[in-house]
$ cat coords_5.cif   # mmCIF, C-alpha atoms
data_work
#
loop_
_atom_site.group_PDB
_atom_site.id
_atom_site.type_symbol
_atom_site.label_atom_id
_atom_site.label_comp_id
_atom_site.auth_asym_id
_atom_site.auth_seq_id
_atom_site.Cartn_x
_atom_site.Cartn_y
_atom_site.Cartn_z
ATOM 1 C CA MET N 25 -131.066 50.743 -94.459
ATOM 2 C CA ARG N 26 -130.108 51.617 -90.915
ATOM 3 C CA PRO N 27 -128.720 48.907 -88.660
ATOM 4 C CA LYS N 28 -130.948 47.852 -85.793
ATOM 5 C CA ARG N 29 -130.222 49.918 -82.732
ATOM 6 C CA HIS N 30 -129.493 48.202 -79.462
ATOM 7 C CA THR N 31 -131.786 49.611 -76.799
ATOM 8 C CA PRO N 32 -130.744 49.002 -73.180
ATOM 9 C CA HIS N 33 -133.372 47.749 -70.727
ATOM 10 C CA SER N 34 -133.068 50.932 -68.717
ATOM 11 C CA VAL N 35 -131.514 54.256 -69.406
ATOM 12 C CA ARG N 36 -130.671 56.491 -66.514
ATOM 13 C CA ARG N 37 -132.212 59.884 -67.055
ATOM 14 C CA MET N 38 -129.865 62.744 -66.289
ATOM 15 C CA PRO N 39 -131.238 65.185 -63.746
ATOM 16 C CA GLU N 40 -130.349 68.171 -65.888
ATOM 17 C CA ARG N 41 -130.892 67.962 -69.630
ATOM 18 C CA GLY N 42 -129.707 71.347 -70.717
ATOM 19 C CA ALA N 43 -126.682 73.440 -70.023
ATOM 20 C CA SER N 44 -126.988 76.719 -68.237
ATOM 21 C CA VAL N 45 -127.552 79.405 -70.836
ATOM 22 C CA PRO N 46 -124.641 81.874 -70.820
ATOM 23 C CA SER N 47 -125.292 85.452 -69.843
ATOM 24 C CA GLY N 48 -123.425 88.593 -70.658
ATOM 25 C CA LYS N 49 -123.011 90.746 -73.746
ATOM 26 C CA ILE N 50 -121.987 89.965 -77.311
ATOM 27 C CA TYR N 51 -120.969 92.572 -79.884
ATOM 28 C CA VAL N 52 -122.441 91.852 -83.320
ATOM 29 C CA TYR N 53 -121.722 93.897 -86.423
ATOM 30 C CA GLY N 54 -123.021 94.589 -89.910
ATOM 31 C CA LYS N 55 -126.226 96.060 -91.315
ATOM 32 C CA HIS N 56 -127.563 92.758 -92.634
ATOM 33 C CA ALA N 57 -127.154 91.049 -89.259
ATOM 34 C CA LEU N 58 -128.960 93.898 -87.530
ATOM 35 C CA MET N 59 -131.842 93.765 -90.007
ATOM 36 C CA GLU N 60 -132.220 90.008 -89.432
ATOM 37 C CA ALA N 61 -132.258 90.528 -85.668
ATOM 38 C CA LEU N 62 -134.769 93.381 -85.898
ATOM 39 C CA GLN N 63 -137.090 91.387 -88.125
ATOM 40 C CA ASN N 64 -136.887 88.048 -86.306
ATOM 41 C CA THR N 65 -135.680 88.448 -82.708
ATOM 42 C CA PRO N 66 -135.786 92.126 -81.721
ATOM 43 C CA HIS N 67 -136.120 91.224 -78.024
ATOM 44 C CA ILE N 68 -132.480 90.084 -77.864
ATOM 45 C CA ILE N 69 -131.050 93.484 -78.906
ATOM 46 C CA ARG N 70 -129.745 95.612 -76.051
ATOM 47 C CA LYS N 71 -128.310 98.639 -77.836
ATOM 48 C CA VAL N 72 -127.332 99.728 -81.335
ATOM 49 C CA PHE N 73 -124.361 101.933 -82.250
ATOM 50 C CA LEU N 74 -124.671 103.640 -85.631
ATOM 51 C CA ALA N 75 -122.348 105.785 -87.705
ATOM 52 C CA PRO N 76 -123.848 109.297 -87.976
ATOM 53 C CA ASN N 77 -123.711 109.213 -91.797
ATOM 54 C CA LEU N 78 -125.620 105.925 -92.102
ATOM 55 C CA ASN N 79 -128.633 106.662 -94.302
ATOM 56 C CA ASP N 80 -131.054 103.749 -94.228
ATOM 57 C CA THR N 81 -134.712 104.686 -93.796
ATOM 58 C CA GLU N 82 -135.919 101.109 -93.292
ATOM 59 C CA LEU N 83 -133.311 100.405 -90.631
ATOM 60 C CA HIS N 84 -134.014 103.620 -88.724
ATOM 61 C CA THR N 85 -137.778 102.994 -88.934
ATOM 62 C CA LEU N 86 -137.415 99.487 -87.512
ATOM 63 C CA LEU N 87 -135.231 100.733 -84.673
ATOM 64 C CA LEU N 88 -137.817 103.353 -83.819
ATOM 65 C CA THR N 89 -140.737 100.930 -84.112
ATOM 66 C CA ARG N 90 -139.034 98.302 -81.954
ATOM 67 C CA LYS N 91 -137.989 100.985 -79.437
ATOM 68 C CA ILE N 92 -134.344 99.880 -79.512
ATOM 69 C CA PRO N 93 -131.866 102.220 -77.733
ATOM 70 C CA THR N 94 -129.297 103.735 -80.084
ATOM 71 C CA ALA N 95 -126.073 105.705 -79.768
ATOM 72 C CA ALA N 96 -123.681 107.386 -82.177
ATOM 73 C CA LEU N 97 -120.621 105.497 -83.353
ATOM 74 C CA ALA N 98 -117.756 107.936 -83.573
ATOM 75 C CA PRO N 99 -115.905 108.081 -86.927
ATOM 76 C CA GLY N 100 -113.066 105.572 -87.024
ATOM 77 C CA SER N 101 -114.222 103.757 -83.904
ATOM 78 C CA GLY N 102 -115.738 100.332 -83.418
ATOM 79 C CA LYS N 103 -112.730 98.152 -84.184
ATOM 80 C CA GLU N 104 -111.906 98.017 -80.480
ATOM 81 C CA LEU N 105 -115.286 96.360 -79.918
ATOM 82 C CA VAL N 106 -115.475 93.840 -82.766
ATOM 83 C CA GLY N 107 -111.843 93.353 -83.819
ATOM 84 C CA LYS N 108 -109.530 94.952 -86.340
ATOM 85 C CA GLU N 109 -110.462 92.571 -89.160
ATOM 86 C CA ALA N 110 -114.224 93.028 -88.799
ATOM 87 C CA SER N 111 -116.021 95.177 -91.371
ATOM 88 C CA HIS N 112 -118.836 96.608 -89.281
ATOM 89 C CA GLN N 113 -120.260 98.969 -91.967
ATOM 90 C CA GLY N 114 -120.998 101.578 -89.334
ATOM 91 C CA VAL N 115 -123.328 99.235 -87.461
ATOM 92 C CA ILE N 116 -122.535 97.528 -84.161
ATOM 93 C CA PHE N 117 -125.080 96.177 -81.708
ATOM 94 C CA THR N 118 -125.071 94.229 -78.499
ATOM 95 C CA ILE N 119 -127.209 91.197 -77.752
ATOM 96 C CA ASP N 120 -127.847 89.116 -74.670
ATOM 97 C CA PRO N 121 -126.921 85.458 -75.422
ATOM 98 C CA ALA N 122 -129.233 84.323 -72.640
ATOM 99 C CA THR N 123 -132.177 85.413 -74.789
ATOM 100 C CA LEU N 124 -130.774 83.941 -78.008
ATOM 101 C CA LEU N 125 -129.889 80.435 -76.806
ATOM 102 C CA ILE N 126 -132.595 78.186 -75.388
ATOM 103 C CA SER N 127 -132.340 75.143 -73.139
ATOM 104 C CA LEU N 128 -132.594 71.587 -74.407
ATOM 105 C CA ASP N 129 -135.724 71.009 -72.329
ATOM 106 C CA ALA N 130 -137.473 74.018 -73.855
ATOM 107 C CA PHE N 131 -136.436 72.965 -77.358
ATOM 108 C CA LEU N 132 -137.635 69.366 -76.986
ATOM 109 C CA GLU N 133 -140.963 70.467 -75.560
ATOM 110 C CA ARG N 134 -141.884 72.276 -78.745
ATOM 111 C CA ILE N 135 -140.399 70.029 -81.430
ATOM 112 C CA ASP N 136 -142.878 67.898 -83.417
ATOM 113 C CA MET N 137 -141.438 64.384 -83.572
ATOM 114 C CA LYS N 138 -144.227 63.214 -85.908
ATOM 115 C CA LYS N 139 -142.630 65.253 -88.684
ATOM 116 C CA ASN N 140 -139.335 63.345 -88.436
ATOM 117 C CA PRO N 141 -137.265 66.481 -87.793
ATOM 118 C CA SER N 142 -133.499 66.727 -87.946
ATOM 119 C CA ILE N 143 -131.046 68.674 -85.811
ATOM 120 C CA ALA N 144 -127.325 69.370 -85.776
ATOM 121 C CA ILE N 145 -125.062 68.775 -82.777
ATOM 122 C CA LEU N 146 -121.759 70.622 -82.751
ATOM 123 C CA GLY N 147 -118.987 68.535 -81.222
ATOM 124 C CA GLU N 148 -116.043 70.825 -80.421
ATOM 125 C CA VAL N 149 -116.148 72.825 -83.647
ATOM 126 C CA GLN N 150 -113.517 75.469 -82.949
ATOM 127 C CA ASP N 151 -113.607 77.861 -85.904
ATOM 128 C CA PRO N 152 -116.339 80.523 -85.536
ATOM 129 C CA HIS N 153 -116.641 80.723 -89.321
ATOM 130 C CA ASN N 154 -117.383 76.992 -89.475
ATOM 131 C CA VAL N 155 -119.958 77.343 -86.709
ATOM 132 C CA GLY N 156 -121.640 80.188 -88.578
ATOM 133 C CA ALA N 157 -121.574 78.273 -91.867
ATOM 134 C CA ILE N 158 -123.102 75.181 -90.235
ATOM 135 C CA ILE N 159 -125.880 77.284 -88.716
ATOM 136 C CA ARG N 160 -126.539 78.833 -92.121
ATOM 137 C CA SER N 161 -126.697 75.419 -93.817
ATOM 138 C CA ALA N 162 -128.973 74.041 -91.089
ATOM 139 C CA ALA N 163 -131.375 76.935 -91.663
ATOM 140 C CA ALA N 164 -131.150 76.593 -95.451
ATOM 141 C CA PHE N 165 -131.969 72.880 -95.520
ATOM 142 C CA GLY N 166 -134.820 72.853 -93.018
ATOM 143 C CA LEU N 167 -133.228 71.530 -89.836
ATOM 144 C CA SER N 168 -135.121 72.272 -86.641
ATOM 145 C CA GLY N 169 -132.206 73.489 -84.523
ATOM 146 C CA VAL N 170 -128.490 73.544 -83.804
ATOM 147 C CA LEU N 171 -127.211 72.243 -80.459
ATOM 148 C CA ILE N 172 -124.138 74.031 -79.116
ATOM 149 C CA PRO N 173 -122.113 72.688 -76.142
ATOM 150 C CA GLU N 174 -120.839 75.046 -73.470
ATOM 151 C CA HIS N 175 -117.279 73.728 -73.336
ATOM 152 C CA ASN N 176 -114.467 73.133 -75.886
ATOM 153 C CA GLN N 177 -116.662 74.702 -78.535
ATOM 154 C CA ALA N 178 -116.745 78.047 -80.315
ATOM 155 C CA GLY N 179 -119.783 79.850 -78.950
ATOM 156 C CA VAL N 180 -122.016 82.432 -80.569
ATOM 157 C CA THR N 181 -119.949 85.531 -81.351
ATOM 158 C CA GLY N 182 -120.081 88.400 -83.792
ATOM 159 C CA ALA N 183 -117.993 86.378 -86.241
ATOM 160 C CA VAL N 184 -120.420 83.448 -85.976
ATOM 161 C CA VAL N 185 -123.404 85.709 -86.643
ATOM 162 C CA LYS N 186 -121.616 87.274 -89.611
ATOM 163 C CA SER N 187 -120.673 83.876 -91.104
ATOM 164 C CA SER N 188 -124.225 82.620 -90.666
ATOM 165 C CA ALA N 189 -125.544 85.571 -92.723
ATOM 166 C CA GLY N 190 -127.846 86.378 -89.827
ATOM 167 C CA MET N 191 -129.359 82.877 -89.661
ATOM 168 C CA THR N 192 -128.504 82.750 -85.953
ATOM 169 C CA PHE N 193 -131.667 84.834 -85.580
ATOM 170 C CA ARG N 194 -133.844 82.486 -87.654
ATOM 171 C CA ILE N 195 -133.099 78.956 -86.436
ATOM 172 C CA PRO N 196 -133.277 77.788 -82.802
ATOM 173 C CA LEU N 197 -129.875 77.605 -81.126
ATOM 174 C CA VAL N 198 -129.806 75.247 -78.158
ATOM 175 C CA SER N 199 -127.325 75.400 -75.289
ATOM 176 C CA ILE N 200 -126.274 71.948 -74.057
ATOM 177 C CA GLY N 201 -123.786 70.574 -71.548
ATOM 178 C CA ASN N 202 -122.126 67.222 -72.179
ATOM 179 C CA VAL N 203 -122.656 65.981 -75.755
ATOM 180 C CA ASN N 204 -122.796 62.307 -74.748
ATOM 181 C CA ASN N 205 -125.459 62.950 -72.105
ATOM 182 C CA THR N 206 -127.411 64.964 -74.652
ATOM 183 C CA ILE N 207 -127.259 62.053 -77.087
ATOM 184 C CA LYS N 208 -128.782 59.775 -74.423
ATOM 185 C CA VAL N 209 -131.674 62.182 -73.977
ATOM 186 C CA LEU N 210 -132.204 62.497 -77.728
ATOM 187 C CA LYS N 211 -132.277 58.720 -78.125
ATOM 188 C CA GLU N 212 -134.949 58.516 -75.448
ATOM 189 C CA LYS N 213 -136.903 61.109 -77.382
ATOM 190 C CA GLY N 214 -136.688 58.982 -80.547
ATOM 191 C CA PHE N 215 -133.800 60.512 -82.501
ATOM 192 C CA TRP N 216 -131.340 58.439 -84.500
ATOM 193 C CA ILE N 217 -127.817 59.735 -83.994
ATOM 194 C CA TYR N 218 -125.548 60.061 -87.032
ATOM 195 C CA GLY N 219 -121.864 60.832 -86.580
ATOM 196 C CA LEU N 220 -120.171 62.433 -89.579
ATOM 197 C CA ALA N 221 -116.921 60.524 -90.065
ATOM 198 C CA MET N 222 -114.464 60.037 -92.930
ATOM 199 C CA ASP N 223 -114.397 56.266 -92.364
ATOM 200 C CA GLY N 224 -118.065 55.914 -91.473
ATOM 201 C CA THR N 225 -119.676 52.509 -91.911
ATOM 202 C CA MET N 226 -122.603 53.889 -93.917
ATOM 203 C CA LYS N 227 -122.261 55.959 -97.080
ATOM 204 C CA LEU N 228 -124.377 59.052 -97.463
ATOM 205 C CA GLY N 229 -127.238 58.376 -99.870
ATOM 206 C CA THR N 230 -128.038 54.870 -98.633
ATOM 207 C CA ASP N 231 -130.199 55.893 -95.656
ATOM 208 C CA THR N 232 -133.846 56.831 -96.101
ATOM 209 C CA PHE N 233 -133.838 59.201 -93.092
ATOM 210 C CA ASP N 234 -137.317 58.008 -92.169
ATOM 211 C CA ALA N 235 -136.914 58.753 -88.446
ATOM 212 C CA PRO N 236 -135.931 61.874 -86.480
ATOM 213 C CA ALA N 237 -132.230 62.485 -87.122
ATOM 214 C CA ALA N 238 -129.459 64.170 -85.142
ATOM 215 C CA PHE N 239 -126.213 64.839 -87.029
ATOM 216 C CA VAL N 240 -123.042 65.191 -84.953
ATOM 217 C CA VAL N 241 -120.376 67.403 -86.547
ATOM 218 C CA GLY N 242 -116.937 66.939 -85.018
ATOM 219 C CA ASN N 243 -113.815 69.001 -84.508
ATOM 220 C CA GLU N 244 -112.043 70.324 -87.612
ATOM 221 C CA GLY N 245 -108.835 68.438 -86.871
ATOM 222 C CA GLY N 246 -109.709 65.445 -84.686
ATOM 223 C CA GLY N 247 -113.257 64.783 -85.772
ATOM 224 C CA ILE N 248 -115.785 63.386 -83.305
ATOM 225 C CA ARG N 249 -114.465 62.278 -79.923
ATOM 226 C CA GLU N 250 -114.168 58.495 -79.529
ATOM 227 C CA LYS N 251 -116.799 58.138 -76.783
ATOM 228 C CA THR N 252 -119.224 60.298 -78.734
ATOM 229 C CA LEU N 253 -118.625 58.273 -81.879
ATOM 230 C CA GLU N 254 -119.384 55.099 -79.919
ATOM 231 C CA ALA N 255 -122.653 56.637 -78.756
ATOM 232 C CA CYS N 256 -123.795 57.284 -82.336
ATOM 233 C CA ASP N 257 -126.191 54.815 -83.953
ATOM 234 C CA VAL N 258 -124.627 55.312 -87.375
ATOM 235 C CA THR N 259 -121.284 56.668 -88.570
ATOM 236 C CA LEU N 260 -121.901 58.426 -91.859
ATOM 237 C CA SER N 261 -119.302 58.991 -94.575
ATOM 238 C CA ILE N 262 -119.496 61.134 -97.707
ATOM 239 C CA PRO N 263 -118.209 59.510 -100.920
ATOM 240 C CA ILE N 264 -115.611 61.807 -102.500
ATOM 241 C CA HIS N 265 -113.041 61.569 -105.290
ATOM 242 C CA ALA N 266 -109.800 59.781 -104.417
ATOM 243 C CA ARG N 267 -107.746 62.898 -105.181
ATOM 244 C CA THR N 268 -109.302 64.689 -102.200
ATOM 245 C CA GLU N 269 -108.446 63.573 -98.689
ATOM 246 C CA SER N 270 -111.420 65.100 -96.900
ATOM 247 C CA LEU N 271 -113.955 67.909 -96.657
ATOM 248 C CA ASN N 272 -113.965 70.458 -93.884
ATOM 249 C CA ALA N 273 -116.538 70.365 -91.108
ATOM 250 C CA ALA N 274 -118.846 73.028 -92.502
ATOM 251 C CA VAL N 275 -118.851 71.620 -96.040
ATOM 252 C CA SER N 276 -119.459 68.072 -94.783
ATOM 253 C CA ALA N 277 -122.385 69.280 -92.709
ATOM 254 C CA ALA N 278 -123.896 71.132 -95.670
ATOM 255 C CA VAL N 279 -123.665 68.051 -97.909
ATOM 256 C CA VAL N 280 -125.344 65.836 -95.296
ATOM 257 C CA PHE N 281 -128.058 68.392 -94.517
ATOM 258 C CA TYR N 282 -128.808 68.704 -98.235
ATOM 259 C CA GLU N 283 -129.086 64.927 -98.619
ATOM 260 C CA TRP N 284 -131.500 64.821 -95.665
ATOM 261 C CA SER N 285 -133.570 67.640 -97.188
ATOM 262 C CA LYS N 286 -133.989 65.666 -100.420
ATOM 263 C CA LYS N 287 -135.817 63.028 -98.381
ATOM 264 C CA HIS N 288 -137.833 65.730 -96.599
ATOM 265 C CA PRO N 289 -138.886 68.342 -99.179
ATOM 266 C CA GLU N 290 -141.631 69.455 -96.813
ATOM 267 C CA ALA N 291 -138.950 70.937 -94.567
ATOM 268 C CA LEU N 292 -137.879 73.428 -97.259
#
$ encode --input "coords_5.cif" --output "structure tokens"
Amino acid sequence: MRPKRHTPHSVRRMPERGASVPSGKIYVYGKHALMEALQNTPHIIRKVFLAPNLNDTELHTLLLTRKIPTAALAPGSGKELVGKEASHQGVIFTIDPATLLISLDAFLERIDMKKNPSIAILGEVQDPHNVGAIIRSAAAFGLSGVLIPEHNQAGVTGAVVKSSAGMTFRIPLVSIGNVNNTIKVLKEKGFWIYGLAMDGTMKLGTDTFDAPAAFVVGNEGGGIREKTLEACDVTLSIPIHARTESLNAAVSAAVVFYEWSKKHPEAL
């Protein structure tokens, strides 16, 4: 069972709940990612660059139907846009992050607290592949959204989209400012805050998750910042074999999200 949470007599409401949503242009690559974007969030796509020899009737039909601007991708080009290690498969497209990320206010207005939802809060997760994997796991196990801070945090990039297997276009991504201020707002809303920590006071599997839950995933090396950990209602640890020191951030998140989903099969 969860410990009883101390509720202060008054909580000062921050004047600005959400962070400013970043603007600009992000290069995303890969046919699968483009298909996910076309099918779920076509409004975020600015332009698509395609290799002339790309034969995909469904893809070309969707681009035409959605009236997405296209341009030819010259043979051997594209690496200068998405990086030398990226396998773009002859497909590169640009998106506007301002239309992909939503504000915390907008997210909270539409979430149904009666269904005891869960969300993930990224706390200085630096590796884009971990960010993408966490987003993918959140989508797979029925979480309602992933909250992404503006600072000291890997943002949404082509590598993140690729690692998420396109799930960045299926689950709400929420832009936030200070994590600790966000936690205050979420507590006011009725969320219980769980910090994933190796030495957490509660073992995963002992909580019933019978209230709205927010899971904080910390930095790969340092974990959750001390002040943020203090703001959590519960520090949650995952029992593992003694021969293994720890799990990485993305794997830990997936294990916790799965355990939550077992208590909420309706979310799957």
$ closest_atom_pairs --input "coords_5.cif" --of "region 180-209 of chain N" --to "region 58-70 of chain N" --cutoff "9 Å" --atoms "all atoms listed in the file" --output "JSON lines"
{"residue": "N:Ala189", "atom": "CA", "partner": "N:Glu60", "partner_atom": "CA", "distance": 8.7}
{"residue": "N:Gly190", "atom": "CA", "partner": "N:Glu60", "partner_atom": "CA", "distance": 5.7}
{"residue": "N:Met191", "atom": "CA", "partner": "N:Glu60", "partner_atom": "CA", "distance": 7.7}
{"residue": "N:Thr192", "atom": "CA", "partner": "N:Ala61", "partner_atom": "CA", "distance": 8.6}
{"residue": "N:Phe193", "atom": "CA", "partner": "N:Ala61", "partner_atom": "CA", "distance": 5.7}
{"residue": "N:Arg194", "atom": "CA", "partner": "N:Asn64", "partner_atom": "CA", "distance": 6.5}
$ residues_around --input "coords_5.cif" --residues "His175 (chain N)" --least-positions-apart "5" --cutoff "10 Å" --atoms "all atoms listed in the file" --output "list in words"
Ala43, Gly147, Glu148, Ile200, Gly201, Asn202 and Val203 of chain N
$ resolve_selection --input "coords_5.cif" --expression "the PyMOL selection byres ((chain N and resi 292) around 12)" --output "list in words"
Pro141, Ser161, Ala162, Ala163, Ala164, Phe165, Gly166, Leu167, Ser168, Phe281, Tyr282, Trp284, Ser285, Lys286, Lys287, His288, Pro289, Glu290 and Ala291 of chain N
$ closest_residue --input "coords_5.cif" --among "N:Ala178, N:Val240, N:Leu83, N:Ile116" --to "Ser101 (chain N)" --atoms "all atoms listed in the file"
N:Ile116
$ resolve_selection --input "coords_5.cif" --expression "the PyMOL selection byres ((chain N and resi 217) around 9)" --output "list of chain:residue names"
N:Ile207, N:Leu210, N:Lys211, N:Phe215, N:Trp216, N:Tyr218, N:Gly219, N:Pro236, N:Ala237, N:Ala238, N:Phe239, N:Val240, N:Ala255, N:Cys256, N:Asp257, N:Val258, N:Thr259
$ atom_distance --input "coords_5.cif" --atom1 "CA of Glu174 (chain N)" --atom2 "CA of Ile126 (chain N)"
12.3 Å
$ closest_residue --input "coords_5.cif" --among "N:Ala183, N:Thr232, N:Leu125, N:Thr225" --to "Pro196 (chain N)" --atoms "all atoms listed in the file"
N:Leu125
$ atom_distance --input "coords_5.cif" --atom1 "CA of Ile92 (chain N)" --atom2 "CA of Asp129 (chain N)"
29.8 Å
$ residues_around --input "coords_5.cif" --residues "region 94-100 of chain N" --least-positions-apart "6" --cutoff "7 Å" --atoms "only C-alpha atoms" --output "MDAnalysis selection string"
chainID N and resid 71:76
$ atom_distance --input "coords_5.cif" --atom1 "CA of Asp234 (chain N)" --atom2 "CA of Lys139 (chain N)"
9.6 Å
$ closest_residue --input "coords_5.cif" --among "N:Ile172, N:Ala57, N:Ile135, N:Leu78" --to "Gly214 (chain N)" --atoms "all atoms listed in the file"
N:Ile135
$ resolve_selection --input "coords_5.cif" --expression "the PyMOL selection byres ((chain N and resi 263) around 8)" --output "list in words"
Lys227, Leu228, Ser261, Ile262, Ile264 and His265 of chain N
$ closest_residue --input "coords_5.cif" --among "N:Gly107, N:Ser270, N:Pro121, N:Leu146" --to "Lys49 (chain N)" --atoms "only C-alpha atoms"
N:Pro121
$ axis_aligned_box --input "coords_5.cif" --around "region 95-99 of chain N" --padding-each-side "3 Å" --output "JSON"
{"center_x": -121.0, "center_y": 106.8, "center_z": -83.3, "size_x": 16.2, "size_y": 8.6, "size_z": 13.2}
$ closest_residue --input "coords_5.cif" --among "N:Thr230, N:Gln113, N:Asn243, N:Ser188" --to "Leu260 (chain N)" --atoms "all atoms listed in the file"
N:Thr230
$ residues_near_point --input "coords_5.cif" --point "(-120.9, 55.2, -75.2)" --cutoff "12 Å" --atoms "only C-alpha atoms" --output "list of chain:residue names"
N:His30, N:Pro32, N:Val203, N:Asn204, N:Asn205, N:Thr206, N:Ile207, N:Lys208, N:Arg249, N:Glu250, N:Lys251, N:Thr252, N:Leu253, N:Glu254, N:Ala255, N:Cys256, N:Asp257
$ residues_near_point --input "coords_5.cif" --point "(-118.3, 90.1, -85.5)" --cutoff "8 Å" --atoms "all atoms listed in the file" --output "number ranges by chain"
N: 51-54, 106-107, 110, 112, 181-186
$ write_last_selection --input "coords_5.cif" --atoms "C-alpha atoms" --output "mmCIF file, keeping the file's coordinate frame"
data_model
loop_
_atom_site.group_PDB
_atom_site.id
_atom_site.type_symbol
_atom_site.label_atom_id
_atom_site.label_comp_id
_atom_site.auth_asym_id
_atom_site.auth_seq_id
_atom_site.Cartn_x
_atom_site.Cartn_y
_atom_site.Cartn_z
ATOM 1 C CA TYR N 51 -120.969 92.572 -79.884
ATOM 2 C CA VAL N 52 -122.441 91.852 -83.320
ATOM 3 C CA TYR N 53 -121.722 93.897 -86.423
ATOM 4 C CA GLY N 54 -123.021 94.589 -89.910
ATOM 5 C CA VAL N 106 -115.475 93.840 -82.766
ATOM 6 C CA GLY N 107 -111.843 93.353 -83.819
ATOM 7 C CA ALA N 110 -114.224 93.028 -88.799
ATOM 8 C CA HIS N 112 -118.836 96.608 -89.281
ATOM 9 C CA THR N 181 -119.949 85.531 -81.351
ATOM 10 C CA GLY N 182 -120.081 88.400 -83.792
ATOM 11 C CA ALA N 183 -117.993 86.378 -86.241
ATOM 12 C CA VAL N 184 -120.420 83.448 -85.976
ATOM 13 C CA VAL N 185 -123.404 85.709 -86.643
ATOM 14 C CA LYS N 186 -121.616 87.274 -89.611
#
$ build_atoms --input "coords_5.cif" --residues "region 68-82 of chain N" --atoms "N, CA and C atoms" --output "mmCIF file, in the coordinates of the input"
data_model
loop_
_atom_site.group_PDB
_atom_site.id
_atom_site.type_symbol
_atom_site.label_atom_id
_atom_site.label_comp_id
_atom_site.auth_asym_id
_atom_site.auth_seq_id
_atom_site.Cartn_x
_atom_site.Cartn_y
_atom_site.Cartn_z
ATOM 1 N N ILE N 68 -133.824 90.407 -78.352
ATOM 2 C CA ILE N 68 -132.480 90.084 -77.864
ATOM 3 C C ILE N 68 -131.523 91.278 -77.958
ATOM 4 N N ILE N 69 -131.934 92.344 -78.668
ATOM 5 C CA ILE N 69 -131.050 93.484 -78.906
ATOM 6 C C ILE N 69 -131.046 94.407 -77.696
ATOM 7 N N ARG N 70 -129.868 94.695 -77.188
ATOM 8 C CA ARG N 70 -129.745 95.612 -76.051
ATOM 9 C C ARG N 70 -129.561 97.054 -76.505
ATOM 10 N N LYS N 71 -128.613 97.283 -77.402
ATOM 11 C CA LYS N 71 -128.310 98.639 -77.836
ATOM 12 C C LYS N 71 -127.648 98.594 -79.206
ATOM 13 N N VAL N 72 -127.886 99.647 -79.992
ATOM 14 C CA VAL N 72 -127.332 99.728 -81.335
ATOM 15 C C VAL N 72 -126.479 100.981 -81.454
ATOM 16 N N PHE N 73 -125.274 100.815 -82.004
ATOM 17 C CA PHE N 73 -124.361 101.933 -82.250
ATOM 18 C C PHE N 73 -124.288 102.141 -83.760
ATOM 19 N N LEU N 74 -124.603 103.351 -84.200
ATOM 20 C CA LEU N 74 -124.671 103.640 -85.631
ATOM 21 C C LEU N 74 -123.757 104.800 -86.002
ATOM 22 N N ALA N 75 -123.130 104.679 -87.173
ATOM 23 C CA ALA N 75 -122.348 105.785 -87.705
ATOM 24 C C ALA N 75 -123.303 106.927 -88.050
ATOM 25 N N PRO N 76 -122.953 108.162 -87.734
ATOM 26 C CA PRO N 76 -123.848 109.297 -87.976
ATOM 27 C C PRO N 76 -124.262 109.458 -89.437
ATOM 28 N N ASN N 77 -123.416 109.040 -90.372
ATOM 29 C CA ASN N 77 -123.711 109.213 -91.797
ATOM 30 C C ASN N 77 -124.433 108.024 -92.410
ATOM 31 N N LEU N 78 -124.916 107.106 -91.575
ATOM 32 C CA LEU N 78 -125.620 105.925 -92.102
ATOM 33 C C LEU N 78 -127.044 106.321 -92.502
ATOM 34 N N ASN N 79 -127.310 106.305 -93.793
ATOM 35 C CA ASN N 79 -128.633 106.662 -94.302
ATOM 36 C C ASN N 79 -129.367 105.404 -94.748
ATOM 37 N N ASP N 80 -130.252 104.925 -93.910
ATOM 38 C CA ASP N 80 -131.054 103.749 -94.228
ATOM 39 C C ASP N 80 -132.417 103.928 -93.567
ATOM 40 N N THR N 81 -133.385 104.366 -94.338
ATOM 41 C CA THR N 81 -134.712 104.686 -93.796
ATOM 42 C C THR N 81 -135.370 103.474 -93.155
ATOM 43 N N GLU N 82 -135.287 102.319 -93.822
ATOM 44 C CA GLU N 82 -135.919 101.109 -93.292
ATOM 45 C C GLU N 82 -135.316 100.710 -91.948
#
